[in-house]
Every structure is written in structure tokens, then in C-alpha cells.
file start_13.txt (compact mmCIF, C-alpha atoms)
# COMPACT_ATOMS: atom_id res chain seq x y z
CA MET X 1 -8.47 3.46 20.01
CA ARG X 2 -9.82 0.37 18.31
CA ILE X 3 -8.11 -1.62 15.55
CA LEU X 4 -9.84 -4.22 13.37
CA VAL X 5 -7.57 -7.14 12.40
CA LEU X 6 -8.39 -9.26 9.35
CA PRO X 7 -5.80 -12.04 8.73
CA CYS X 8 -7.26 -13.11 5.33
CA ASP X 9 -5.54 -15.72 3.10
CA GLY X 10 -2.27 -17.58 2.49
CA ILE X 11 0.55 -16.27 4.67
CA GLY X 12 -1.73 -13.51 5.93
CA PRO X 13 -2.46 -15.12 9.32
CA GLU X 14 1.26 -15.80 9.92
CA ILE X 15 2.56 -12.34 9.08
CA ILE X 16 -0.32 -10.78 11.02
CA GLN X 17 0.53 -12.85 14.09
CA ALA X 18 4.22 -11.95 13.85
CA SER X 19 3.37 -8.29 13.37
CA MET X 20 0.93 -8.24 16.27
CA SER X 21 3.72 -9.41 18.57
CA VAL X 22 5.54 -6.21 17.62
CA LEU X 23 2.44 -4.03 17.89
CA ASP X 24 1.62 -5.43 21.32
CA VAL X 25 5.03 -4.29 22.59
CA ALA X 26 4.62 -0.86 21.01
CA ASN X 27 1.15 -0.55 22.50
CA GLU X 28 2.47 -1.24 26.00
CA LYS X 29 5.75 0.67 25.75
CA PHE X 30 4.27 3.89 24.36
CA GLY X 31 0.94 3.71 26.20
CA LEU X 32 -1.05 3.83 22.97
CA GLY X 33 -4.26 2.46 24.44
CA LEU X 34 -5.01 0.28 21.43
CA THR X 35 -7.53 -2.57 21.56
CA PHE X 36 -7.94 -5.22 18.88
CA ASP X 37 -10.89 -7.08 17.40
CA TYR X 38 -10.58 -9.87 14.83
CA ASP X 39 -12.91 -10.88 12.00
CA ASP X 40 -12.94 -13.12 8.94
CA VAL X 41 -12.39 -12.14 5.32
CA GLY X 42 -11.14 -14.12 2.34
CA PHE X 43 -11.53 -17.88 2.14
CA THR X 44 -12.44 -18.20 5.83
CA SER X 45 -15.33 -15.83 5.31
CA LEU X 46 -16.30 -17.65 2.10
CA GLU X 47 -16.53 -20.94 3.97
CA LYS X 48 -18.53 -19.44 6.84
CA HIS X 49 -20.72 -16.93 5.05
CA GLY X 50 -20.59 -17.74 1.34
CA ILE X 51 -18.73 -14.54 0.43
CA THR X 52 -15.14 -13.37 0.87
CA LEU X 53 -16.13 -9.90 2.15
CA ARG X 54 -19.47 -9.16 3.81
CA ASP X 55 -21.06 -5.72 3.67
CA GLU X 56 -21.43 -5.80 7.46
CA THR X 57 -17.65 -6.22 7.79
CA LEU X 58 -17.09 -3.08 5.75
CA GLU X 59 -19.66 -1.16 7.75
CA LYS X 60 -18.09 -2.32 11.00
CA ALA X 61 -14.63 -1.29 9.74
CA LYS X 62 -15.83 2.30 9.40
CA THR X 63 -16.26 2.50 13.18
CA TYR X 64 -12.62 1.60 13.90
CA ASP X 65 -9.59 3.86 14.17
CA GLY X 66 -7.53 1.60 11.93
CA VAL X 67 -7.65 -1.68 10.00
CA ILE X 68 -4.94 -4.31 9.59
CA LEU X 69 -5.57 -6.44 6.51
CA GLY X 70 -3.63 -9.59 5.65
CA THR X 71 -2.81 -10.88 2.20
CA GLN X 72 -5.55 -12.11 -0.11
CA SER X 73 -5.62 -14.83 -2.76
CA HIS X 74 -8.24 -13.13 -4.92
CA ALA X 75 -6.93 -14.75 -8.12
CA ASP X 76 -8.12 -18.05 -6.64
CA TYR X 77 -11.53 -16.78 -5.53
CA PRO X 78 -14.64 -17.95 -7.34
CA ALA X 79 -16.46 -15.53 -9.63
CA PRO X 80 -18.00 -12.49 -7.91
CA GLU X 81 -21.51 -13.85 -8.41
CA LYS X 82 -20.39 -16.94 -6.48
CA GLY X 83 -19.05 -14.99 -3.52
CA GLY X 84 -15.51 -14.19 -4.69
CA ARG X 85 -15.37 -10.51 -3.84
CA ASN X 86 -12.00 -8.76 -4.10
CA VAL X 87 -11.27 -7.87 -0.48
CA SER X 88 -8.76 -5.07 -1.12
CA ALA X 89 -10.97 -3.46 -3.75
CA GLY X 90 -13.96 -3.79 -1.45
CA PHE X 91 -12.15 -1.84 1.26
CA ARG X 92 -10.81 0.75 -1.14
CA ILE X 93 -14.27 1.51 -2.47
CA GLY X 94 -16.25 0.88 0.73
CA LEU X 95 -14.03 3.09 2.90
CA ASP X 96 -12.93 5.37 0.04
CA LEU X 97 -9.28 4.45 0.62
CA TYR X 98 -8.12 6.38 -2.39
CA ALA X 99 -4.45 6.83 -1.47
CA ASN X 100 -2.30 3.72 -1.70
CA VAL X 101 1.00 4.91 -0.23
CA ARG X 102 3.95 2.69 -1.17
CA PRO X 103 7.50 3.63 -0.10
CA ALA X 104 10.61 1.94 -1.47
CA ARG X 105 14.11 2.45 -0.09
CA THR X 106 17.45 0.73 -0.13
CA ARG X 107 19.30 -0.18 3.04
CA PRO X 108 23.12 -0.06 3.09
CA PHE X 109 23.32 -3.38 4.94
CA LEU X 110 21.07 -5.29 2.53
CA ALA X 111 21.66 -6.22 -1.09
CA SER X 112 19.44 -4.50 -3.65
CA ASN X 113 18.61 -5.46 -7.21
CA MET X 114 20.17 -2.33 -8.65
CA ARG X 115 23.57 -1.54 -10.09
CA GLU X 116 26.36 -1.10 -7.58
CA GLY X 117 26.41 2.37 -6.10
CA LYS X 118 22.75 3.07 -6.82
CA SER X 119 20.31 3.93 -4.02
CA MET X 120 16.60 4.58 -3.71
CA ASP X 121 14.38 6.49 -1.28
CA LEU X 122 11.01 7.29 -2.80
CA VAL X 123 7.29 7.02 -2.20
CA ILE X 124 4.68 6.14 -4.80
CA MET X 125 1.29 7.77 -4.26
CA ARG X 126 -1.13 5.55 -6.16
CA GLU X 127 -4.78 6.47 -6.75
CA ALA X 128 -6.75 3.34 -5.77
CA THR X 129 -10.45 3.90 -6.39
CA GLU X 130 -10.79 4.20 -10.17
CA GLY X 131 -8.78 3.74 -13.37
CA PHE X 132 -8.54 0.56 -15.44
CA TYR X 133 -9.84 -1.73 -12.70
CA PRO X 134 -13.25 -3.07 -13.76
CA ASP X 135 -14.41 -3.81 -10.22
CA ARG X 136 -14.27 -0.16 -9.15
CA ASN X 137 -15.07 2.08 -12.12
CA MET X 138 -18.84 1.63 -12.32
CA SER X 139 -21.52 2.58 -9.81
CA ARG X 140 -23.46 -0.46 -11.04
CA GLY X 141 -22.24 -3.33 -13.15
CA TRP X 142 -18.73 -4.28 -14.24
CA GLY X 143 -16.21 -2.26 -16.25
CA GLU X 144 -15.47 -5.05 -18.73
CA VAL X 145 -17.74 -6.57 -21.35
CA MET X 146 -17.43 -9.27 -24.00
CA PRO X 147 -19.70 -8.43 -26.95
CA SER X 148 -18.62 -11.66 -28.62
CA PRO X 149 -16.39 -14.64 -27.70
CA ASP X 150 -13.64 -13.03 -29.77
CA MET X 151 -13.87 -9.47 -28.45
CA ALA X 152 -13.33 -8.02 -24.96
CA LEU X 153 -13.68 -4.33 -24.03
CA SER X 154 -12.53 -2.56 -20.87
CA THR X 155 -13.57 0.87 -19.62
CA ARG X 156 -11.18 3.23 -17.85
CA LYS X 157 -12.50 5.92 -15.53
CA ILE X 158 -10.45 9.00 -14.58
CA THR X 159 -12.15 11.84 -12.72
CA ARG X 160 -11.05 15.34 -11.79
CA HIS X 161 -12.07 14.77 -8.16
CA CYS X 162 -9.95 11.65 -7.68
CA SER X 163 -6.99 13.00 -9.65
CA GLU X 164 -6.88 16.23 -7.67
CA ARG X 165 -7.10 14.62 -4.27
CA ILE X 166 -4.34 12.06 -4.93
CA ALA X 167 -2.18 14.84 -6.38
CA ARG X 168 -2.74 16.91 -3.24
CA GLN X 169 -1.68 13.99 -1.08
CA ALA X 170 1.49 13.65 -3.15
CA PHE X 171 2.40 17.32 -2.80
CA GLU X 172 1.64 17.37 0.92
CA LEU X 173 3.93 14.39 1.39
CA ALA X 174 6.65 15.97 -0.76
CA MET X 175 6.58 19.03 1.49
CA LYS X 176 7.72 16.76 4.33
CA ARG X 177 10.42 15.12 2.20
CA ARG X 178 12.67 16.48 -0.56
CA ARG X 179 10.01 18.61 -2.24
CA LYS X 180 9.78 16.97 -5.60
CA VAL X 181 6.81 15.27 -7.30
CA THR X 182 6.93 13.27 -10.52
CA ALA X 183 3.62 12.64 -12.29
CA ILE X 184 3.50 9.31 -14.14
CA HIS X 185 1.24 9.16 -17.19
CA LYS X 186 0.82 8.15 -20.83
CA ALA X 187 -0.84 11.29 -22.12
CA ASN X 188 0.75 10.88 -25.53
CA SER X 189 -1.57 7.90 -26.09
CA PHE X 190 -4.41 8.36 -23.58
CA HIS X 191 -5.03 11.96 -24.53
CA MET X 192 -8.23 12.46 -22.55
CA THR X 193 -7.84 10.24 -19.48
CA ASP X 194 -4.15 10.75 -18.75
CA GLY X 195 -4.49 14.25 -20.13
CA LEU X 196 -7.09 15.02 -17.45
CA PHE X 197 -4.95 13.44 -14.74
CA LEU X 198 -1.90 15.47 -15.78
CA GLU X 199 -3.95 18.67 -15.96
CA CYS X 200 -5.18 18.07 -12.41
CA VAL X 201 -1.67 17.43 -11.08
CA ARG X 202 -0.42 20.63 -12.67
CA ASN X 203 -3.31 22.61 -11.22
CA VAL X 204 -2.68 21.29 -7.72
CA ALA X 205 1.03 22.05 -8.13
CA LYS X 206 0.17 25.76 -8.19
CA GLU X 207 -0.83 25.45 -4.51
CA PHE X 208 2.67 24.20 -3.66
CA PRO X 209 5.20 26.57 -5.25
CA GLU X 210 7.95 25.15 -3.01
CA VAL X 211 7.64 21.74 -4.65
CA GLN X 212 9.29 20.95 -7.98
CA LEU X 213 7.02 19.11 -10.44
CA ASP X 214 8.10 17.06 -13.40
CA ASP X 215 6.37 14.30 -15.34
CA LEU X 216 7.36 11.12 -17.13
CA LEU X 217 5.70 8.69 -19.49
CA VAL X 218 5.08 5.47 -17.60
CA ASP X 219 7.32 3.42 -19.89
CA ALA X 220 10.14 5.94 -19.54
CA SER X 221 9.68 5.95 -15.77
CA THR X 222 10.57 2.26 -15.57
CA ALA X 223 13.86 2.94 -17.33
CA HIS X 224 14.65 5.83 -14.98
CA LEU X 225 13.80 3.72 -11.91
CA VAL X 226 16.46 1.27 -13.04
CA ARG X 227 19.04 3.74 -14.32
CA ASN X 228 18.66 6.76 -12.05
CA PRO X 229 16.41 6.04 -9.03
CA GLU X 230 17.97 8.92 -7.07
CA ARG X 231 16.05 11.42 -9.22
CA PHE X 232 12.74 10.44 -7.58
CA ASP X 233 11.17 11.65 -4.35
CA VAL X 234 7.36 11.29 -4.56
CA LEU X 235 5.73 9.75 -7.62
CA VAL X 236 2.00 10.20 -8.22
CA ALA X 237 0.15 7.89 -10.56
CA THR X 238 -3.22 6.53 -11.55
CA ASN X 239 -4.20 3.11 -10.29
CA PHE X 240 -2.79 0.79 -12.96
CA TYR X 241 0.52 2.58 -13.43
CA GLY X 242 1.03 2.98 -9.70
CA ASP X 243 0.43 -0.72 -9.13
CA ILE X 244 3.12 -1.72 -11.61
CA ILE X 245 5.84 0.82 -10.85
CA SER X 246 5.51 0.31 -7.08
CA ASP X 247 6.24 -3.39 -7.46
CA LEU X 248 9.20 -2.56 -9.68
CA ALA X 249 10.57 0.02 -7.25
CA SER X 250 10.20 -2.25 -4.23
CA GLU X 251 11.86 -5.19 -5.96
CA LEU X 252 14.70 -3.00 -7.17
CA SER X 253 15.26 -1.68 -3.65
CA GLY X 254 15.64 -5.20 -2.31
CA SER X 255 12.36 -7.08 -2.21
CA LEU X 256 8.60 -6.64 -2.15
CA GLY X 257 8.85 -8.19 1.28
CA LEU X 258 10.76 -5.16 2.59
CA ALA X 259 8.26 -2.44 1.68
CA GLY X 260 5.33 -1.26 3.76
CA SER X 261 2.03 0.03 2.40
CA ILE X 262 -1.14 1.73 3.58
CA MET X 263 -4.46 2.47 1.96
CA ALA X 264 -5.92 5.70 3.31
CA SER X 265 -8.73 8.20 2.94
CA ASN X 266 -9.06 11.45 4.82
CA ILE X 267 -10.62 9.61 7.79
CA HIS X 268 -9.71 5.90 7.50
CA CYS X 269 -6.45 3.99 7.21
CA CYS X 270 -5.73 0.34 6.46
CA ALA X 271 -2.33 -1.35 6.78
CA GLN X 272 -1.68 -3.99 4.14
CA ALA X 273 1.60 -5.60 3.03
CA GLN X 274 2.70 -4.83 -0.53
CA HIS X 275 3.20 -8.46 -1.50
CA GLY X 276 0.81 -11.32 -2.27
CA SER X 277 -0.46 -14.26 -0.25
CA ALA X 278 2.26 -16.82 -1.22
CA PRO X 279 0.00 -19.86 -0.74
CA ASP X 280 2.89 -22.19 -1.61
CA ILE X 281 4.58 -21.42 1.73
CA ALA X 282 1.47 -20.75 3.83
CA GLY X 283 1.46 -22.44 7.21
CA GLN X 284 5.18 -23.29 7.08
CA ASP X 285 6.57 -20.37 9.14
CA LYS X 286 8.70 -19.32 6.14
CA ALA X 287 7.10 -15.98 5.34
CA ASN X 288 8.93 -12.68 5.78
CA PRO X 289 6.71 -10.38 7.92
CA VAL X 290 8.74 -7.18 7.36
CA SER X 291 6.28 -5.61 4.92
CA MET X 292 3.36 -6.19 7.27
CA ILE X 293 5.25 -4.88 10.30
CA LEU X 294 6.28 -1.74 8.41
CA SER X 295 2.73 -1.29 7.10
CA ILE X 296 1.42 -1.30 10.66
CA GLY X 297 4.05 1.28 11.53
CA MET X 298 2.84 3.43 8.64
CA MET X 299 -0.73 3.10 9.90
CA LEU X 300 0.33 4.26 13.37
CA HIS X 301 2.13 7.25 11.82
CA TRP X 302 -0.99 8.14 9.80
CA MET X 303 -3.17 7.86 12.90
CA GLY X 304 -0.73 10.01 14.85
CA GLU X 305 -0.68 12.74 12.23
CA HIS X 306 -4.45 12.81 11.85
CA ARG X 307 -5.11 12.78 15.60
CA GLY X 308 -2.22 14.98 16.69
CA ASN X 309 -0.92 12.08 18.78
CA ALA X 310 2.86 12.20 19.21
CA LYS X 311 2.97 8.81 20.95
CA LEU X 312 1.63 7.07 17.85
CA GLN X 313 4.26 8.76 15.69
CA GLU X 314 7.01 7.86 18.15
CA ALA X 315 5.86 4.24 18.12
CA ALA X 316 5.86 4.20 14.32
CA ALA X 317 9.42 5.53 14.15
CA ALA X 318 10.56 3.02 16.79
CA ILE X 319 9.06 0.11 14.84
CA ASP X 320 10.93 1.22 11.69
CA GLN X 321 14.19 1.46 13.61
CA ALA X 322 13.66 -1.93 15.30
CA VAL X 323 13.07 -3.64 11.95
CA ASP X 324 16.26 -2.18 10.51
CA LYS X 325 18.21 -3.13 13.64
CA VAL X 326 17.19 -6.76 13.27
CA LEU X 327 17.82 -6.80 9.52
CA GLU X 328 21.36 -5.52 10.07
CA ASP X 329 22.24 -8.93 11.55
CA PRO X 330 22.40 -11.53 8.74
CA ALA X 331 21.71 -14.33 11.21
CA LYS X 332 18.38 -12.76 12.20
CA ARG X 333 16.91 -12.51 8.70
CA THR X 334 14.30 -14.76 7.20
CA ALA X 335 15.24 -17.38 4.60
CA ASP X 336 14.34 -15.20 1.60
CA LEU X 337 17.03 -12.77 2.77
CA GLY X 338 19.63 -15.46 3.41
CA GLY X 339 18.91 -15.93 7.11
CA SER X 340 17.48 -18.79 9.13
CA LEU X 341 14.70 -17.24 11.20
CA GLY X 342 11.09 -18.21 10.68
CA CYS X 343 8.22 -15.74 10.47
CA ALA X 344 7.29 -15.92 14.15
CA ALA X 345 10.89 -15.74 15.36
CA PHE X 346 11.57 -12.66 13.25
CA GLY X 347 8.55 -10.93 14.76
CA GLN X 348 9.79 -11.82 18.23
CA ALA X 349 13.26 -10.49 17.40
CA VAL X 350 11.80 -7.12 16.34
CA ALA X 351 9.61 -7.07 19.44
CA GLN X 352 12.63 -7.70 21.64
CA VAL X 353 14.59 -4.83 20.10
CA LEU X 354 11.56 -2.57 20.42
CA ARG X 355 11.12 -3.54 24.05
CA GLY X 356 14.72 -2.44 24.72
call {"tool": "encode", "arguments": {"input": "start_13.txt", "output": "C-alpha cells"}}
result
Amino acid sequence: MRILVLPCDGIGPEIIQASMSVLDVANEKFGLGLTFDYDDVGFTSLEKHGITLRDETLEKAKTYDGVILGTQSHADYPAPEKGGRNVSAGFRIGLDLYANVRPARTRPFLASNMREGKSMDLVIMREATEGFYPDRNMSRGWGEVMPSPDMALSTRKITRHCSERIARQAFELAMKRRRKVTAIHKANSFHMTDGLFLECVRNVAKEFPEVQLDDLLVDASTAHLVRNPERFDVLVATNFYGDIISDLASELSGSLGLAGSIMASNIHCCAQAQHGSAPDIAGQDKANPVSMILSIGMMLHWMGEHRGNAKLQEAAAAIDQAVDKVLEDPAKRTADLGGSLGCAAFGQAVAQVLRG
């Protein structure tokens, strides 16, 4: 099985390198038979090719069994017409990676940002190919326009097809967890777009009578995440809402740096850390690679499920356990968690535990 590795920008190369030290051990220990190819995206690609993401890179990615994508500094890219293509969005559209799966959980041995006694173990299923994002809601052109210097308009796209398939992913995941789905929306204001999304979720729910469905307005959901996070199991949301509440949930559970993430279609999967590129600490060995390591574990689990490969799923579970084992020791944490290890050393510590 072939994996395409794209380090990208900022701390991306560092957390990728640390994570690959873990994946190399898993590959050998579990006999996964993985091989790795590297390519350029982001600023490196811009310097070499005049664009942050080439079409040929996307086409090549389709031939791989998985993709590992580092962090991107797209806010610092030049305009799209000058080569500044949003790498994540390019992959989500190019490979139809419609399901952005973002778990958030507390750990008893790590401080969270919640009230004492509160805990969290949830997954946010975020639709990633349409919505309020102007770079992915038009087949041609851009979803924002400025009719005058004093007026800007944005177009939101919500389709039955995309709403139903992300809802189905949420219910299928809930069947493997605590069998509850919460639909996040704002149908009281966005009557047609969120109304369509909510209608689709409710229709799909009929296929899963074992799963409890409720729904919350997006603003109310933020309050419940703070006050009563235990009520949530799987949350399903459109792109914009899912982006915001997943950051909130991860930060409440401890840190964005502690939460894995994958972008997946029915045939492709890409591991990508939840957090940004942190250019202010790039190249200083200060980054926390936990999110990237866990994301790679999630990718292996996805590959194992879709290929019926138990070894991949065993490796994924072992990576999760190894990360937690290292984090249990305060002396082996990175600086953002009060420890003294650098990015590379943390990766080596996880690899050592995984090796046994």
C-alpha cells in the first residue's frame, strides 16, 4: 500500500517527520507493507512551480491508498490568480473528501479547559465540500462578489446529495459508538439551506432506528459544549458550523494540538492535523506533533475498515495507546503541555513505546 506524504508549510515538515518516526515503527511491527512517496505543496511548491497545489499532484494523489498532509499557511498565500491555491480545499474538492472527521476527548491525566468534573468524548462529522466557503461552492468562478467597493455578497450552497451522505456517515459512526447523533443547524434563520440540511438528516435517521437523533441551533450548541459536553456523541454539521464547533470542542477538551482529524470520501482518505501551521515556531523543534500522529492513526483505521485489514486497525489502536502512554508522563510532554520535550523527541518517545 502506497502513502503520499506532503509536508506543506510552517510546522508541517516537523510534525510530519516526528509522526513518520511513529508510522515507520508501526509499519514494521504490524507488517503493514506501507511505502511512502513525498511531494511538494504549499510555499515549497509555489517557489518551484508557481502554484501552491498543482493539478498533477491531485491526480497523482488519487492513485495512492492514503495521503498525509501537513499544515498550510493559506492565509499568507498570494491571491489564487497568482498561484495561492488553498491546499486543503483543493484536496477536499479534487478527491471529494466530503467527510472531515474530528474527534475531541478529555484525558484524565491531562488538564482540560472545562469546569472541574466535566468530561468529553465526541466526534464532529463536518461536511467539507460545500457550504459558505467561496472556493468550493461554484463549478466555475468564485462564491463571493463585490458589486461595489462598499458591498460584498457571499453565496452558500447546500445540496441534498452532500447533506445526505455526511448524515449517513454520522449515523454509521454513531452505530459503533453510543448511538446518538446531534444535528447542528440554524434553520430558524437559514430556512431553506439549513432547512434542507435538517430535512436530509431526519430522512437518513429513518434508516437507523437504533440511533437517537436530536438537533441544536449552532449558537445553542456552543453553550451546551461548555456546560454539558457529556450529552454529545456524534455531531453532524455543515462546513462552516463544523469548522467552528470542532475547534471549540478540541480546545475545551485540552488543546487543538491533542485532536486528530481525517478528510475522507468513500474511496480516499487524507490525514491532516486539526491545528494551523504556527509559522512563529516553525523550524524550532517546539511544535506538538500529537494531532498529526493521531490523524495518521485515524487514517490507518479508515484504511483498515475499508480494506478489511485487521492489521491496519490494530496499528491504529496501538498508536492511540502509545500517544496516551507518553502523555501520562508530565516529563515527556511538549512545552505547550508543560513538558520539556521537543517535537522530534516526542515522536521518538511514542515510537519507543509502540516498539515495546
call {"tool": "residues_around", "arguments": {"input": "start_13.txt", "residues": "Gly195 (chain X)", "least_positions_apart": "5", "cutoff": "9 Å", "atoms": "only C-alpha atoms", "output": "list of chain:residue names"}}
result
X:His185, X:Lys186, X:Ala187, X:Asn188, X:Phe190, X:Cys200
call {"tool": "closest_residue", "arguments": {"input": "start_13.txt", "among": "X:Met298, X:Pro147, X:Arg156, X:Tyr98", "to": "Thr129 (chain X)", "atoms": "all atoms listed in the file"}}
result
X:Tyr98
call {"tool": "residues_around", "arguments": {"input": "start_13.txt", "residues": "Phe43 (chain X)", "least_positions_apart": "3", "cutoff": "7 Å", "atoms": "all atoms listed in the file", "output": "tab-separated table (two decimals) with C-alpha atoms, in the coordinates of the input"}}
result
chain	number	residue	atom	x	y	z
X	9	ASP	CA	-5.54	-15.72	3.10
X	46	LEU	CA	-16.30	-17.65	2.10
X	47	GLU	CA	-16.53	-20.94	3.97
X	52	THR	CA	-15.14	-13.37	0.87
call {"tool": "atom_distance", "arguments": {"input": "start_13.txt", "atom1": "CA of Gly84 (chain X)", "atom2": "CA of Asp135 (chain X)"}}
result
11.8 Å
call {"tool": "closest_atom_pairs", "arguments": {"input": "start_13.txt", "of": "region 84-161 of chain X", "to": "region 238-256 of chain X", "cutoff": "6 Å", "atoms": "only C-alpha atoms", "output": "JSON lines"}}
result
{"residue": "X:Ala104", "atom": "CA", "partner": "X:Ser250", "partner_atom": "CA", "distance": 5.0}
{"residue": "X:Arg105", "atom": "CA", "partner": "X:Ser253", "partner_atom": "CA", "distance": 5.6}
{"residue": "X:Thr106", "atom": "CA", "partner": "X:Ser253", "partner_atom": "CA", "distance": 4.8}
{"residue": "X:Ser112", "atom": "CA", "partner": "X:Gly254", "partner_atom": "CA", "distance": 4.1}
{"residue": "X:Asn113", "atom": "CA", "partner": "X:Leu252", "partner_atom": "CA", "distance": 4.6}
{"residue": "X:Met114", "atom": "CA", "partner": "X:Leu252", "partner_atom": "CA", "distance": 5.7}
{"residue": "X:Arg126", "atom": "CA", "partner": "X:Gly242", "partner_atom": "CA", "distance": 4.9}
{"residue": "X:Glu127", "atom": "CA", "partner": "X:Asn239", "partner_atom": "CA", "distance": 4.9}
{"residue": "X:Ala128", "atom": "CA", "partner": "X:Asn239", "partner_atom": "CA", "distance": 5.2}
{"residue": "X:Gly131", "atom": "CA", "partner": "X:Asn239", "partner_atom": "CA", "distance": 5.6}
call {"tool": "residues_around", "arguments": {"input": "start_13.txt", "residues": "Lys311 (chain X)", "least_positions_apart": "3", "cutoff": "9 Å", "atoms": "all atoms listed in the file", "output": "list in words"}}
result
Phe30, Gly31, Leu32, Gly304, Glu314, Ala315 and Ala316 of chain X
call {"tool": "residues_around", "arguments": {"input": "start_13.txt", "residues": "Pro209 (chain X)", "least_positions_apart": "5", "cutoff": "12 Å", "atoms": "only C-alpha atoms", "output": "ChimeraX atom specification"}}
result
/X:171-172,174-175,179-181,202-204
call {"tool": "atom_distance", "arguments": {"input": "start_13.txt", "atom1": "CA of Asp96 (chain X)", "atom2": "CA of Glu14 (chain X)"}}
result
27.3 Å
call {"tool": "closest_residue", "arguments": {"input": "start_13.txt", "among": "X:His49, X:Arg140, X:His268, X:Lys29", "to": "Ile319 (chain X)", "atoms": "all atoms listed in the file"}}
result
X:Lys29
call {"tool": "closest_residue", "arguments": {"input": "start_13.txt", "among": "X:Ser73, X:Thr193, X:Gln212, X:Gln17", "to": "Phe346 (chain X)", "atoms": "all atoms listed in the file"}}
result
X:Gln17
call {"tool": "residues_around", "arguments": {"input": "start_13.txt", "residues": "Val323 (chain X)", "least_positions_apart": "3", "cutoff": "8 Å", "atoms": "only C-alpha atoms", "output": "JSON list (two decimals) with C-alpha atoms, in the coordinates of the input"}}
result
[["chain", "number", "residue", "atom", "x", "y", "z"],
["X", 290, "VAL", "CA", 8.74, -7.18, 7.36],
["X", 294, "LEU", "CA", 6.28, -1.74, 8.41],
["X", 319, "ILE", "CA", 9.06, 0.11, 14.84],
["X", 320, "ASP", "CA", 10.93, 1.22, 11.69],
["X", 326, "VAL", "CA", 17.19, -6.76, 13.27],
["X", 327, "LEU", "CA", 17.82, -6.80, 9.52],
["X", 350, "VAL", "CA", 11.80, -7.12, 16.34]]
